[in-house]
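Undergrad: Okay, here's the structure, questions in a sec.
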Amino acid sequence: MIFPRQQTRHRHLYALLLALLLAILPAAHASVANAPGANLEVSLVTYGPGETYWERFGHDAIELRDTVSGEAVNFNYGVFDFSEKNFLLNFARGRMHYLMDAAPSDVDERYYVGTGRSITRQRLAMTADQSAALRDFLLWNLRPENAGYAYDYYVDNCTTRVRDALDKALGGVLETRLKARPGGMTYRQQTVRLMSAQPWLMLLLDLGLGPYADQPLDAWQESFLPEVLQAQLRAVRVGDGRGGLRPLVQDERLVSPNRLQAPPPTAPDLRLPLALAGLLLAALIVLARRRWPAGHALLGALYLLAAGLVGLLLLGLWTLTTHHSAWANANLLLFNPLAFVLLPTLWRARRGLAASRLIDGAIALQLLACMAAVLLHLLPGTVQQNQPWLLFALPCWLALAWSLRRR
């Protein structure tokens, strides 16, 4: 949903120059900046997902076209600058600073055609007053003092900003219509679906998302994605000025087809793959305990080290960042820093040394945490859907508990 990093700086500089030029153009010169609302054509332009991980969610823009001069400008909210001071630190802490941008429509179109991503243009039925109000708001928003905003993956991103700008111009019609419809998927399902082309990143994101990502969504909330907003607009009807209703989307045209592998229509079910992986690792731990003590210590150490590090990461995301989609993650019951306590005992077991009572207590505490994670799914009102990680972690912890128990 963002522009490639190598383009962010010069695109933003261009946007500033464009805003300046649009502001000083003489009224005699026909342009988007001074055209009467009746001459403005408003379109939602949706770009399909790209191959790089930051492009997997797609992108979109509002196009304003002066039907007299032919000038067309794309306004979008998906620019960031890697050279910004403390960018990576702020990104890790969840304090992401994004910018609004503008460029001639043909410049954007050439870029997306060249990368093989689809381009769809939906021409919207907006009155002259609505078109002019939208133009004025976008030009105001493009000013340097107004262009920046605090980015949030799900509730304040480059698509929700486009959605909100259109809704503002339409007098709140979009929000009213879309909030009355149920969404099709949760934040987690959409994330996993769109990131499935990068399996390891998909698994990390699924592991790190907490209950916030599993709340039921309405169509307004789910329109944080370009393709969902594009689909939802097709069913919206607005006033025609004569007491009747007409479709918001006057016409829709595929400007350029997708030449990349498309994301699957539904989220992959991770339960069976992770359950099989957990059972396989547990079986290897048990077999190695009997026949290959060094291998048992190595496998167990890798699991415990990974569990402890994941636990630290989940705890940090909850307590030290503003990534609210990762807060209160029940996976902390399965993967937590308690795993580090068991590492020395694992290596002592390689030499046939028994675990201490303290370690027995730590093992029992971890098993109780696993049982609590299971019981959470039996209680009414449970939101977080982390069954795949339960199915992976439970057999591994049972195998380690058996192999480390005091004899």
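So you can find residues: chains in the structure tokens are A, B, ... in the order shown, residues in each start at 1, and ligands are numbered from 1 in order.
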Could you pull out the alpha helix (DSSP H) residues of stretch 180-260 of chain A from DSSP and send them as a count of residues only?

TA: 30

Undergrad: With DSSP run on the backbone, what are the strand (DSSP E) residues within stretch 124-330 of chain A? I'd like them as a ChimeraX atom specification.

TA: /A:124,148-151,237-239,245-247,249-256

Undergrad: Determine, for each residue of stretch 167-230 of chain A having at least one atom at most 10 Å from an atom of stretch 297-312 of chain A, the closest pair of atoms and their separation in Å to one decimal, counting only C-alpha atoms; order by chain and ascending number, as CSV.

TA:
```
residue,atom,partner,partner_atom,distance
A:Leu204,CA,A:Val310,CA,9.5
A:Leu207,CA,A:Val310,CA,8.9
A:Gly208,CA,A:Val310,CA,8.8
```

Undergrad: Can I get the selection written as a short mmCIF file (atom, residue, chain, number, x, y, z; two decimals), in the first residue's frame, with N, CA and C atoms?

TA:
```
data_model
loop_
_atom_site.label_atom_id
_atom_site.label_comp_id
_atom_site.auth_asym_id
_atom_site.auth_seq_id
_atom_site.Cartn_x
_atom_site.Cartn_y
_atom_site.Cartn_z
N LEU A 204 4.99 -15.17 10.73
CA LEU A 204 5.41 -14.22 11.77
C LEU A 204 4.30 -13.22 12.08
N LEU A 207 1.54 -14.99 14.00
CA LEU A 207 1.98 -15.23 15.37
C LEU A 207 1.93 -13.96 16.20
N GLY A 208 2.24 -12.82 15.59
CA GLY A 208 2.33 -11.57 16.33
C GLY A 208 1.02 -10.83 16.50
#
```

Undergrad: What's around stretch 48-53 of chain A at 6 Å? Count only C-alpha atoms, leave out sequence neighbours fewer than 5 positions away in its own chain, and write the answer as a tab-separated table (two decimals) with C-alpha atoms, in the first residue's frame.

TA:
```tsv
chain	number	residue	atom	x	y	z
A	58	GLY	CA	-2.25	-3.06	-3.05
A	117	ARG	CA	0.26	-4.61	-11.34
A	118	SER	CA	-3.36	-4.17	-12.35
```

Undergrad: Work out how far atom CA of A:Asp60 is from atom CA of A:Pro257, in Å to one decimal.

TA: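 The value is 15.2 Å.
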
Undergrad: Could you state the separation of atom CA of A:Tyr77 and atom CA of A:Ile119 in Å, given to one decimal place?

TA: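 If I compute the distance from atom CA of A:Tyr77 to atom CA of A:Ile119, I get 17.0 Å.
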
Undergrad: To one decimal in Å, tell me the separation between atom CA of A:Thr46 and atom CA of A:Gly172.

TA: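 One can read the atom CA of A:Thr46 to atom CA of A:Gly172 distance as 21.3 Å.
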